[in-house]
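Data from my_file.cif: mmCIF, C-alpha atoms
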data_run
#
loop_
_atom_site.label_atom_id
_atom_site.label_comp_id
_atom_site.auth_asym_id
_atom_site.auth_seq_id
_atom_site.Cartn_x
_atom_site.Cartn_y
_atom_site.Cartn_z
CA MET A 4 -20.20 -8.57 11.87
CA ASN A 5 -23.96 -8.18 12.20
CA THR A 6 -25.30 -9.97 9.13
CA SER A 7 -28.77 -8.53 9.78
CA ILE A 8 -27.43 -5.32 8.22
CA LEU A 9 -27.50 -7.17 4.89
CA ASN A 10 -31.27 -7.51 5.11
CA THR A 11 -32.86 -6.15 1.90
CA GLU A 12 -34.94 -3.52 3.70
CA ILE A 13 -31.96 -2.22 5.64
CA GLN A 14 -29.78 -2.11 2.52
CA GLU A 15 -32.50 -0.11 0.76
CA PHE A 16 -32.72 2.24 3.74
CA ILE A 17 -28.95 2.81 3.64
CA GLU A 18 -29.10 3.47 -0.10
CA ASN A 19 -32.03 5.89 0.23
CA ASN A 20 -30.36 7.82 3.06
CA ILE A 21 -26.84 8.06 1.71
CA ASN A 22 -27.08 11.87 1.61
CA SER A 23 -29.26 12.29 4.71
CA ASP A 24 -28.31 14.18 7.87
CA THR A 25 -27.01 11.34 10.04
CA THR A 26 -27.42 13.39 13.23
CA ALA A 27 -31.12 13.75 12.45
CA LEU A 28 -31.32 10.01 11.75
CA ILE A 29 -29.80 9.24 15.15
CA LEU A 30 -32.28 11.54 16.91
CA LYS A 31 -35.23 10.11 14.99
CA GLY A 32 -34.09 6.52 15.30
CA THR A 33 -35.04 3.44 13.27
CA SER A 34 -37.26 0.47 14.04
CA PHE A 35 -35.40 -2.42 12.40
CA PRO A 36 -35.14 -5.55 14.56
CA HIS A 37 -31.63 -6.85 15.37
CA VAL A 38 -29.91 -3.70 14.09
CA ASN A 39 -29.72 -0.49 16.08
CA THR A 40 -29.71 3.00 14.60
CA LEU A 41 -26.02 3.67 15.33
CA GLU A 42 -25.00 0.57 13.36
CA ILE A 43 -27.02 1.73 10.36
CA VAL A 44 -25.62 5.27 10.58
CA GLU A 45 -22.11 3.83 10.72
CA GLN A 46 -22.81 1.97 7.47
CA ILE A 47 -24.21 5.12 5.83
CA GLU A 48 -21.24 7.28 6.87
CA ALA A 49 -18.66 4.70 5.77
CA LYS A 50 -20.38 4.05 2.45
CA LYS A 51 -20.65 7.78 1.75
CA ARG A 52 -16.88 8.09 2.11
CA CYS A 53 -16.47 5.41 -0.56
CA GLU A 54 -18.46 7.23 -3.25
CA LYS A 55 -15.42 8.89 -4.83
CA LYS A 56 -12.58 7.09 -3.08
CA LEU A 57 -13.82 3.49 -3.65
CA PRO A 58 -16.46 3.59 -6.42
CA THR A 59 -16.27 -0.19 -7.02
CA TRP A 60 -17.29 -0.88 -3.41
CA PHE A 61 -19.83 1.96 -3.39
CA SER A 62 -21.64 0.66 -6.48
CA ALA A 63 -21.55 -3.04 -5.55
CA LYS A 64 -24.55 -4.66 -3.86
CA ASN A 65 -24.56 -5.88 -0.25
CA ILE A 66 -21.13 -4.53 0.71
CA TYR A 67 -20.52 -4.50 4.46
CA TYR A 68 -18.62 -1.46 5.68
CA PRO A 69 -16.33 -1.15 8.71
CA ASN A 70 -16.20 2.08 10.68
CA LYS A 71 -15.43 5.26 8.75
CA LEU A 72 -11.90 5.46 10.20
CA ASN A 73 -10.97 2.25 8.37
CA ILE A 74 -12.23 3.83 5.14
CA GLU A 75 -10.25 7.03 5.75
CA GLN A 76 -7.06 5.04 6.32
CA THR A 77 -7.36 2.76 3.30
CA SER A 78 -5.79 3.30 -0.11
CA SER A 79 -7.96 4.86 -2.78
CA GLU A 80 -8.78 2.81 -5.86
CA ALA A 81 -6.66 5.16 -7.96
CA THR A 82 -3.50 4.53 -5.92
CA ALA A 83 -4.29 0.80 -5.54
CA LYS A 84 -4.56 0.44 -9.32
CA TYR A 85 -1.20 2.13 -9.71
CA LYS A 86 0.46 -0.17 -7.17
CA ALA A 87 -0.93 -3.20 -8.99
CA ARG A 88 0.87 -2.07 -12.15
CA LEU A 89 4.18 -2.53 -10.35
CA VAL A 90 3.76 -6.22 -9.45
CA GLU A 91 3.42 -9.54 -11.21
CA GLY A 92 3.98 -13.17 -10.31
CA ASP A 93 2.42 -16.13 -8.52
CA SER A 94 2.25 -14.97 -4.92
CA LEU A 95 2.00 -11.85 -2.77
CA ILE A 96 1.43 -11.44 0.95
CA ASP A 97 -0.03 -8.21 2.36
CA LEU A 98 1.13 -8.02 5.97
CA THR A 99 -1.18 -5.12 6.91
CA GLY A 100 -4.28 -5.84 4.84
CA GLY A 101 -6.77 -3.34 6.25
CA PHE A 102 -9.93 -2.95 4.18
CA GLY A 103 -8.33 -4.93 1.36
CA VAL A 104 -8.38 -2.39 -1.48
CA ASP A 105 -4.72 -2.95 -2.37
CA CYS A 106 -5.18 -6.75 -2.21
CA PHE A 107 -8.21 -6.54 -4.49
CA TYR A 108 -6.13 -4.93 -7.23
CA PHE A 109 -3.05 -7.05 -6.56
CA SER A 110 -5.25 -10.10 -7.15
CA LYS A 111 -5.78 -9.00 -10.74
CA ARG A 112 -2.02 -9.28 -11.37
CA ILE A 113 -0.96 -12.02 -8.94
CA GLU A 114 -2.12 -15.65 -8.96
CA GLN A 115 -2.54 -16.00 -5.18
CA VAL A 116 -2.77 -13.16 -2.66
CA THR A 117 -2.63 -13.49 1.13
CA HIS A 118 -4.41 -10.81 3.20
CA CYS A 119 -3.31 -10.51 6.84
CA GLU A 120 -5.27 -8.34 9.26
CA LEU A 121 -4.85 -8.44 13.02
CA ASN A 122 -8.34 -6.98 13.62
CA SER A 123 -10.51 -10.10 13.39
CA HIS A 124 -13.72 -8.08 12.89
CA LEU A 125 -12.22 -6.19 9.94
CA SER A 126 -10.74 -9.40 8.51
CA GLU A 127 -14.19 -11.04 8.56
CA ILE A 128 -15.70 -8.03 6.75
CA VAL A 129 -12.97 -8.04 4.10
CA ALA A 130 -13.33 -11.77 3.41
CA TYR A 131 -17.09 -11.35 3.02
CA ASN A 132 -16.71 -8.36 0.67
CA PHE A 133 -14.23 -10.19 -1.54
CA LYS A 134 -16.94 -12.79 -2.16
CA GLN A 135 -19.41 -10.03 -3.05
CA LEU A 136 -16.85 -8.65 -5.50
CA ASN A 137 -16.39 -12.14 -6.99
CA THR A 138 -12.70 -12.27 -6.06
CA LYS A 139 -11.59 -15.85 -5.46
CA ASN A 140 -7.79 -15.79 -5.29
CA ILE A 141 -7.34 -13.95 -1.97
CA THR A 142 -6.96 -15.85 1.30
CA CYS A 143 -7.71 -13.88 4.47
CA TYR A 144 -6.07 -14.50 7.84
CA ALA A 145 -7.12 -12.71 11.02
CA LYS A 146 -3.57 -12.78 12.38
CA ASP A 147 -0.46 -10.66 12.69
CA GLY A 148 1.17 -10.62 9.26
CA ILE A 149 4.69 -10.75 10.69
CA GLU A 150 3.85 -13.91 12.67
CA ILE A 151 2.29 -15.52 9.59
CA LEU A 152 5.44 -14.70 7.61
CA LYS A 153 7.69 -16.14 10.33
CA SER A 154 5.79 -19.43 10.35
CA SER A 155 5.49 -19.72 6.57
CA GLU A 156 7.79 -21.92 4.51
CA GLN A 157 6.64 -20.26 1.29
CA LEU A 158 8.88 -17.99 -0.77
CA PHE A 159 6.66 -15.16 -1.99
CA ASP A 160 7.21 -13.15 -5.14
CA TRP A 161 6.20 -10.04 -3.21
CA ILE A 162 5.77 -8.82 0.33
CA TYR A 163 3.62 -5.70 0.68
CA VAL A 164 3.44 -3.73 3.91
CA ASP A 165 1.79 -0.45 4.90
CA PRO A 166 3.21 0.36 8.36
CA SER A 167 1.17 2.67 10.56
CA ARG A 168 2.58 5.35 12.81
CA ARG A 169 2.37 4.58 16.52
CA ASN A 170 -0.24 6.71 18.29
CA ALA A 171 2.33 8.02 20.73
CA ILE A 172 4.43 9.56 17.96
CA LYS A 173 3.39 13.16 17.43
CA GLY A 174 4.34 15.79 14.89
CA LYS A 175 4.97 15.54 11.18
CA ILE A 176 8.47 14.08 11.25
CA PHE A 177 8.71 10.36 11.84
CA LEU A 178 10.93 7.37 11.12
CA LEU A 179 10.04 3.92 9.85
CA LYS A 180 11.30 2.43 13.10
CA ASP A 181 8.55 4.44 14.85
CA CYS A 182 5.85 2.56 12.89
CA LEU A 183 4.06 -0.77 13.30
CA PRO A 184 5.38 -3.05 12.07
CA ASN A 185 8.94 -1.81 12.53
CA VAL A 186 10.01 -2.43 8.93
CA PRO A 187 13.79 -1.92 9.37
CA GLN A 188 13.77 -4.50 12.17
CA PHE A 189 12.23 -7.15 9.91
CA LEU A 190 14.14 -6.53 6.65
CA GLU A 191 16.22 -9.70 7.07
CA LEU A 192 13.00 -11.72 7.43
CA PHE A 193 11.46 -10.01 4.40
CA PHE A 194 14.48 -10.72 2.19
CA LYS A 195 14.50 -14.34 3.35
CA GLN A 196 10.81 -14.82 2.49
CA ALA A 197 10.35 -12.76 -0.70
CA LYS A 198 11.99 -11.89 -3.99
CA GLN A 199 10.82 -8.27 -3.78
CA VAL A 200 9.29 -5.97 -1.17
CA MET A 201 6.95 -3.00 -1.56
CA ILE A 202 6.51 -0.59 1.34
CA LYS A 203 3.83 2.10 1.33
CA THR A 204 4.44 5.13 3.51
CA SER A 205 2.88 8.50 4.15
CA PRO A 206 4.22 11.39 2.05
CA LEU A 207 5.33 12.94 5.33
CA LEU A 208 8.24 10.49 5.50
CA ASP A 209 11.48 12.22 4.51
CA ILE A 210 12.98 10.44 1.49
CA SER A 211 16.57 10.71 2.74
CA SER A 212 15.73 9.28 6.17
CA GLY A 213 13.75 6.45 4.53
CA ILE A 214 16.73 5.51 2.37
CA ASN A 215 19.01 5.58 5.43
CA GLU A 216 16.73 3.21 7.33
CA LEU A 217 16.16 0.72 4.53
CA GLN A 218 18.37 -1.57 2.47
CA ALA A 219 18.44 -2.53 -1.20
CA VAL A 220 16.07 0.26 -2.29
CA LYS A 221 15.64 -0.16 -6.04
CA ALA A 222 13.04 2.54 -6.73
CA ILE A 223 10.81 5.06 -4.97
CA HIS A 224 7.47 5.94 -6.53
CA ILE A 225 5.92 9.25 -5.48
CA VAL A 226 2.20 9.05 -6.21
CA ALA A 227 0.01 12.15 -6.41
CA ILE A 228 -3.70 12.35 -7.19
CA ASN A 229 -4.88 15.67 -8.65
CA ASN A 230 -1.63 17.31 -7.55
CA GLU A 231 -1.77 16.07 -3.95
CA VAL A 232 0.88 13.54 -2.93
CA LYS A 233 -0.91 10.56 -1.39
CA GLU A 234 1.79 7.98 -0.80
CA LEU A 235 5.39 6.94 -1.27
CA LEU A 236 6.08 3.44 -2.56
CA TRP A 237 9.46 1.91 -1.75
CA LEU A 238 10.52 -1.05 -3.92
CA LEU A 239 13.22 -3.22 -2.37
CA ASP A 240 15.14 -5.97 -4.15
CA PRO A 241 17.68 -7.91 -2.03
CA ASP A 242 19.85 -8.50 -5.11
CA PHE A 243 19.80 -4.89 -6.32
CA LYS A 244 22.92 -2.74 -6.31
CA GLY A 245 22.96 0.57 -8.11
CA SER A 246 21.50 4.04 -8.15
CA ILE A 247 17.97 4.45 -6.81
CA GLU A 248 15.38 5.46 -9.41
CA ILE A 249 12.83 8.08 -8.38
CA LYS A 250 9.55 7.87 -10.28
CA THR A 251 6.97 10.62 -9.93
CA ILE A 252 3.40 10.37 -11.14
CA ASN A 253 0.49 12.79 -10.92
CA ILE A 254 -2.76 10.97 -11.71
CA GLN A 255 -5.66 13.07 -12.93
CA LYS A 256 -9.06 12.15 -14.30
CA GLU A 257 -8.01 11.82 -17.93
CA SER A 258 -4.22 11.99 -17.84
CA GLU A 259 -1.04 11.03 -16.03
CA ALA A 260 2.14 13.09 -15.78
CA HIS A 261 5.39 11.19 -15.27
CA PHE A 262 8.91 12.36 -14.52
CA ASN A 263 11.65 9.87 -13.64
CA PHE A 264 15.28 10.28 -12.68
CA TYR A 265 18.05 8.59 -10.74
CA LEU A 266 18.92 9.93 -7.31
CA ASN A 267 22.53 10.69 -8.19
CA GLU A 268 21.41 12.70 -11.24
CA GLU A 269 19.92 15.47 -9.10
CA SER A 270 23.17 16.12 -7.22
CA GLU A 271 25.13 16.12 -10.49
CA ALA A 272 22.69 18.26 -12.52
CA THR A 273 23.14 21.96 -13.17
CA SER A 274 20.60 24.55 -14.24
CA SER A 275 20.95 28.09 -15.56
CA LEU A 276 18.99 31.06 -14.31
CA SER A 277 16.93 33.53 -16.31
CA LYS A 278 14.49 36.38 -15.93
CA PRO A 279 10.88 35.31 -16.72
CA LEU A 280 10.55 34.56 -20.45
CA SER A 281 7.38 33.96 -22.49
CA TYR A 282 6.22 30.91 -20.49
CA LEU A 283 6.26 29.96 -16.83
CA TYR A 284 6.11 26.42 -15.41
CA GLU A 285 5.13 25.16 -11.96
CA PRO A 286 6.08 21.51 -11.16
CA ASN A 287 3.43 19.17 -9.82
CA ALA A 288 3.44 18.13 -6.16
CA ALA A 289 5.10 14.74 -6.79
CA ILE A 290 8.13 16.40 -8.41
CA LEU A 291 8.40 18.91 -5.57
CA LYS A 292 8.32 16.06 -3.03
CA ALA A 293 11.03 14.26 -5.03
CA GLY A 294 13.29 17.32 -4.87
CA ALA A 295 13.91 17.10 -8.63
CA PHE A 296 14.75 20.77 -8.96
CA GLU A 297 17.97 20.80 -11.00
CA ILE A 298 17.46 17.62 -13.02
CA LEU A 299 14.01 18.82 -14.13
CA ALA A 300 15.50 21.96 -15.66
CA GLU A 301 18.38 20.05 -17.23
CA LYS A 302 16.30 17.25 -18.75
CA LEU A 303 13.55 19.51 -20.08
CA GLN A 304 15.96 22.28 -21.16
CA LEU A 305 14.28 24.94 -19.05
CA LYS A 306 15.72 27.81 -17.06
CA LYS A 307 15.04 28.56 -13.40
CA LEU A 308 14.04 31.95 -12.04
CA HIS A 309 16.16 31.51 -8.90
CA LYS A 310 18.06 28.64 -7.31
CA HIS A 311 15.41 28.33 -4.57
CA SER A 312 12.24 29.43 -6.37
CA HIS A 313 11.52 26.15 -8.23
CA LEU A 314 9.70 27.96 -11.02
CA TYR A 315 10.86 27.45 -14.59
CA THR A 316 10.70 29.46 -17.77
CA SER A 317 11.25 29.21 -21.54
CA GLU A 318 10.81 31.25 -24.69
CA LYS A 319 8.90 28.48 -26.50
CA LEU A 320 6.00 26.48 -25.01
CA MET A 321 7.18 23.05 -23.81
CA GLU A 322 5.51 19.89 -22.55
CA PHE A 323 5.77 19.88 -18.77
CA PRO A 324 4.72 17.70 -15.79
CA GLY A 325 2.83 20.44 -14.01
CA ARG A 326 1.01 23.69 -14.75
CA ARG A 327 1.94 25.91 -17.70
CA PHE A 328 1.33 29.64 -17.96
CA GLU A 329 1.81 32.37 -20.50
CA VAL A 330 3.61 35.38 -19.04
CA GLU A 331 1.80 38.69 -19.60
CA GLN A 332 3.61 41.12 -17.30
CA VAL A 333 6.43 41.19 -14.78
CA SER A 334 6.62 43.89 -12.14
CA ALA A 335 8.41 44.67 -8.92
CA TYR A 336 6.58 43.83 -5.71
CA ASN A 337 5.27 47.25 -4.80
CA LYS A 338 1.73 48.11 -3.73
CA LYS A 339 1.52 51.38 -5.64
CA GLN A 340 3.07 49.91 -8.76
CA PHE A 341 0.75 46.91 -8.55
CA LYS A 342 -2.36 49.11 -8.51
CA ARG A 343 -1.03 51.33 -11.28
CA GLN A 344 0.38 48.64 -13.57
CA LEU A 345 -1.68 45.48 -13.01
CA LYS A 346 -4.95 47.02 -11.80
CA MET A 347 -6.37 43.69 -10.58
CA THR A 348 -8.96 43.09 -7.88
CA LYS A 349 -9.28 39.33 -8.35
CA ALA A 350 -6.66 36.67 -9.13
CA ASN A 351 -5.28 33.25 -8.23
CA VAL A 352 -2.17 33.78 -6.09
CA THR A 353 0.86 31.48 -5.69
CA THR A 354 4.05 32.17 -3.75
CA ARG A 355 7.44 30.52 -4.31
CA ASN A 356 10.55 31.58 -2.37
CA PHE A 357 8.73 34.67 -1.11
CA PRO A 358 8.68 36.17 2.43
CA GLU A 359 4.92 36.77 2.66
CA THR A 360 2.00 34.33 2.71
CA VAL A 361 -0.83 34.27 0.20
CA GLN A 362 -3.19 35.64 2.85
CA GLN A 363 -0.87 38.52 3.69
CA ILE A 364 -0.58 39.41 0.00
CA ARG A 365 -4.34 39.30 -0.50
CA GLU A 366 -4.92 41.62 2.45
CA LYS A 367 -2.17 44.04 1.42
CA LEU A 368 -3.28 44.27 -2.23
CA ALA A 369 -7.05 43.85 -1.61
CA LEU A 370 -7.12 40.84 -3.93
CA LYS A 371 -10.05 38.43 -4.07
CA ASP A 372 -9.51 34.78 -4.98
CA GLY A 373 -10.40 33.28 -8.38
CA GLY A 374 -10.77 34.38 -11.97
CA ASN A 375 -8.58 33.71 -15.01
CA ASP A 376 -5.51 35.64 -13.87
CA TYR A 377 -2.67 33.85 -12.09
CA LEU A 378 -0.15 35.88 -10.11
CA PHE A 379 3.16 34.40 -8.98
CA PHE A 380 4.96 36.18 -6.18
CA THR A 381 8.58 35.06 -6.16
CA THR A 382 12.26 36.02 -6.11
CA ASP A 383 14.22 36.52 -9.34
CA LEU A 384 17.84 35.71 -10.18
CA ASN A 385 18.96 39.09 -8.77
CA ASN A 386 17.13 38.43 -5.46
CA ASN A 387 14.44 40.99 -6.27
CA LYS A 388 10.87 40.32 -5.13
CA ILE A 389 8.68 40.26 -8.25
CA ILE A 390 5.12 39.63 -9.43
CA ILE A 391 4.57 37.59 -12.59
CA ALA A 392 1.12 38.05 -14.11
CA THR A 393 0.09 35.06 -16.23
CA LYS A 394 -2.75 33.23 -17.93
CA LYS A 395 -3.06 29.46 -17.77
CA VAL A 396 -2.16 27.62 -20.97
#
What does this structure look like when you write it as structure tokens?
Amino acid sequence: MNTSILNTEIQEFIENNINSDTTALILKGTSFPHVNTLEIVEQIEAKKRCEKKLPTWFSAKNIYYPNKLNIEQTSSEATAKYKARLVEGDSLIDLTGGFGVDCFYFSKRIEQVTHCELNSHLSEIVAYNFKQLNTKNITCYAKDGIEILKSSEQLFDWIYVDPSRRNAIKGKIFLLKDCLPNVPQFLELFFKQAKQVMIKTSPLLDISSGINELQAVKAIHIVAINNEVKELLWLLDPDFKGSIEIKTINIQKESEAHFNFYLNEESEATSSLSKPLSYLYEPNAAILKAGAFEILAEKLQLKKLHKHSHLYTSEKLMEFPGRRFEVEQVSAYNKKQFKRQLKMTKANVTTRNFPETVQQIREKLALKDGGNDYLFFTTDLNNNKIIIATKKV
């Protein structure tokens, strides 16, 4: 950690060049003693990435930033705040502390937080930043979190861990045992040292495989920001026995959409099918990740268009955790009929259970993107390919 970066003139330079072309800055160079141009550019690029993702850090004075990769890998403030709502107690240990965003928000709910980070350089930066943010109840250790846990005699209220995929593992499908730390391998240690465990994973992790690898899963939280699933949170309680609760949340600027159910409810739920009625509903990304296709229809008293389409309909407008549309026209998927009946040249296009991609449809029908019209290309209850023309409610 080069403390010369915290010099007032350099901090002002970083602030004044937050939107500058960093390539041009590198070519031009800077003349600050003790700090080279690449170090300053690294600070600018990392801070810029915090503007929307970590506004508290971005707006605070004299924050020291690690490389931009550390910022890309860290939790956003929005997801960190949500995680903090799930914990309370006297003690929590974060085994994979990273840039410390989760710990910062845990510290507002927990009396004493322990931040473990194997990268000593990053650990030093995090400890310094916590002081700048006036956070006094977090202790930082530049050590392997698993080793700290093994040597600790303390019983924690919570263990939090965010395992990272090993670099050698390629492709989208992965298992928890392929991550560092290998969480399934250390479950016995976790349950010995903590009352409850929270595991954060990528949304790419298959829920069924995660359940098979873990024990005592009490709840799974599927967290989306602006309809993009960001993380899965697995809550483990060694004393828990029962059905796993699935909690979905889509966090937007001024609202949150929740839909909760128990895992066994989905397999037991039944839904009825219908042609498109007056209103059409598209579930948010968290619900789609959860696979809550039948229970959603049953609980909200909606009908599905097709068993595999995952679009819902009703005669009366209902509250819904996703997008709502008013149906204007329904037509068969036919190029000539489309041009004669719908006569559109611009629309927002969505496909569900449909053999062609959005791009293929746009090219075939000469449709530009945008506007106030929303077209759903899907399959109906009679396995016919249809177009549903709608307006957003």
**Message:** Neighbouring residues of segment 98-104 of chain A were defined as those with any atom within 9 Å, considering only C-alpha atoms; residues of the same chain fewer than 3 positions away were excluded. Please report them as a ChimeraX atom specification.
**Reply:** /A:57,68-69,73-74,76-80,83,107-109,117-122,125-126,128-130,133,143,147-149,151-152,162-167,184
**Message:** With the PyMOL selection byres ((chain A and resi 218-223) around 12) as the selection, what would be picked from this file? Answer as a ChimeraX atom specification, please.
**Reply:** /A:86,89,186-191,193-194,198-204,206,209-217,224-226,234-252,263-266,289,292-293
**Prompt:** Which residues match the PyMOL selection byres ((chain A and resi 371) around 6) in the file above, as a list of chain:residue names?
**Reply:**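 Expected selection for the PyMOL selection byres ((chain A and resi 371) around 6) here is A:Lys349, A:Leu370, A:Asp372.
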Would you save the residues of that selection, restricted to C-alpha atoms, as a PDB file, in the frame of the given file?
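Wrote out-v1.pdb, looks like this:
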ATOM      1  CA  LYS A 349      -9.280  39.330  -8.350  1.00  0.00           C
ATOM      2  CA  LEU A 370      -7.120  40.840  -3.930  1.00  0.00           C
ATOM      3  CA  ASP A 372      -9.510  34.780  -4.980  1.00  0.00           C
TER       4      ASP A 372
END
**Request:** Considering all atoms listed in the file, state which residue in the set A:Arg112, A:Arg168, A:Lys319, A:Lys338 is at the smallest distance from Lys367 of chain A.
**Result:**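 Checking each candidate against Lys367 of chain A, we get A:Lys338 as the closest.
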**Message:** Using Å and a single decimal, report how far atom CA of Lys306 of chain A sits from atom CA of Val232 of chain A.
**Reply:** 25.0 Å
**Message:** Given the PyMOL selection byres ((chain A and resi 9) around 12) and the file above, list the residues it selects as a list in words.
**Reply:**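 So the PyMOL selection byres ((chain A and resi 9) around 12), applied here, picks out Met4, Asn5, Thr6, Ser7, Ile8, Asn10, Thr11, Glu12, Ile13, Gln14, Glu15, Phe16, Ile17, Glu18, Phe35, His37, Val38, Glu42, Ile43, Gln46, Lys64, Asn65, Ile66, Tyr67, Tyr68, Ile128, Tyr131, Asn132 and Gln135 of chain A.
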**Item:** From A:Phe328, A:Tyr336, A:Tyr85, A:Phe341, residue lying nearest Thr393 of chain A [all atoms listed in the file]
**Value:** A:Phe328
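Closest approach to Ser275 of chain A from the set A:Leu384, A:Ala369, A:Leu178, A:Leu291 is made by A:Leu384, with distances taken over all atoms listed in the file.
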**Prompt:** Can you tell me how far atom CA of Lys180 of chain A sits from atom CA of Lys153 of chain A, in Å to one decimal?
**Reply:**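 The value is 19.1 Å.
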Could you work out an axis-aligned box for segment 258-262 of chain A, taking every atom the file lists and adding 8 Å on each side, and report centre and edge lengths in Å to one decimal, as JSON?
{"center_x": 2.3, "center_y": 12.1, "center_z": -16.2, "size_x": 29.1, "size_y": 18.1, "size_z": 19.3}
How about completing segment 350-368 of chain A with N, CA and C atoms and giving it to me as a short mmCIF file (atom, residue, chain, number, x, y, z; two decimals), keeping the file's coordinate frame?
data_model
loop_
_atom_site.label_atom_id
_atom_site.label_comp_id
_atom_site.auth_asym_id
_atom_site.auth_seq_id
_atom_site.Cartn_x
_atom_site.Cartn_y
_atom_site.Cartn_z
N ALA A 350 -7.67 37.51 -8.46
CA ALA A 350 -6.66 36.67 -9.13
C ALA A 350 -6.36 35.45 -8.28
N ASN A 351 -5.80 34.43 -8.92
CA ASN A 351 -5.28 33.25 -8.23
C ASN A 351 -3.83 33.56 -7.85
N VAL A 352 -3.49 33.37 -6.59
CA VAL A 352 -2.17 33.78 -6.09
C VAL A 352 -1.36 32.56 -5.66
N THR A 353 -0.09 32.52 -6.10
CA THR A 353 0.86 31.48 -5.69
C THR A 353 2.15 32.15 -5.24
N THR A 354 2.74 31.65 -4.18
CA THR A 354 4.05 32.17 -3.75
C THR A 354 5.09 31.06 -3.85
N ARG A 355 6.29 31.43 -4.27
CA ARG A 355 7.44 30.52 -4.31
C ARG A 355 8.67 31.32 -3.92
N ASN A 356 9.34 30.89 -2.84
CA ASN A 356 10.55 31.58 -2.37
C ASN A 356 10.23 33.06 -2.16
N PHE A 357 9.23 33.31 -1.32
CA PHE A 357 8.73 34.67 -1.11
C PHE A 357 8.46 34.84 0.39
N PRO A 358 8.76 36.00 0.97
CA PRO A 358 8.68 36.17 2.43
C PRO A 358 7.27 36.32 2.99
N GLU A 359 6.27 36.57 2.15
CA GLU A 359 4.92 36.77 2.66
C GLU A 359 4.01 35.63 2.23
N THR A 360 2.96 35.39 3.02
CA THR A 360 2.00 34.33 2.71
C THR A 360 0.97 34.84 1.70
N VAL A 361 0.24 33.91 1.13
CA VAL A 361 -0.83 34.27 0.20
C VAL A 361 -1.85 35.18 0.88
N GLN A 362 -2.21 34.84 2.12
CA GLN A 362 -3.19 35.64 2.85
C GLN A 362 -2.70 37.06 3.10
N GLN A 363 -1.44 37.19 3.46
CA GLN A 363 -0.87 38.52 3.69
C GLN A 363 -0.88 39.36 2.41
N ILE A 364 -0.58 38.72 1.30
CA ILE A 364 -0.58 39.41 0.00
C ILE A 364 -1.99 39.86 -0.36
N ARG A 365 -2.95 38.97 -0.17
CA ARG A 365 -4.34 39.30 -0.50
C ARG A 365 -4.82 40.51 0.30
N GLU A 366 -4.49 40.51 1.59
CA GLU A 366 -4.92 41.62 2.45
C GLU A 366 -4.22 42.93 2.05
N LYS A 367 -2.94 42.85 1.76
CA LYS A 367 -2.17 44.04 1.42
C LYS A 367 -2.62 44.65 0.09
N LEU A 368 -2.94 43.78 -0.89
CA LEU A 368 -3.28 44.27 -2.23
C LEU A 368 -4.79 44.27 -2.49
#
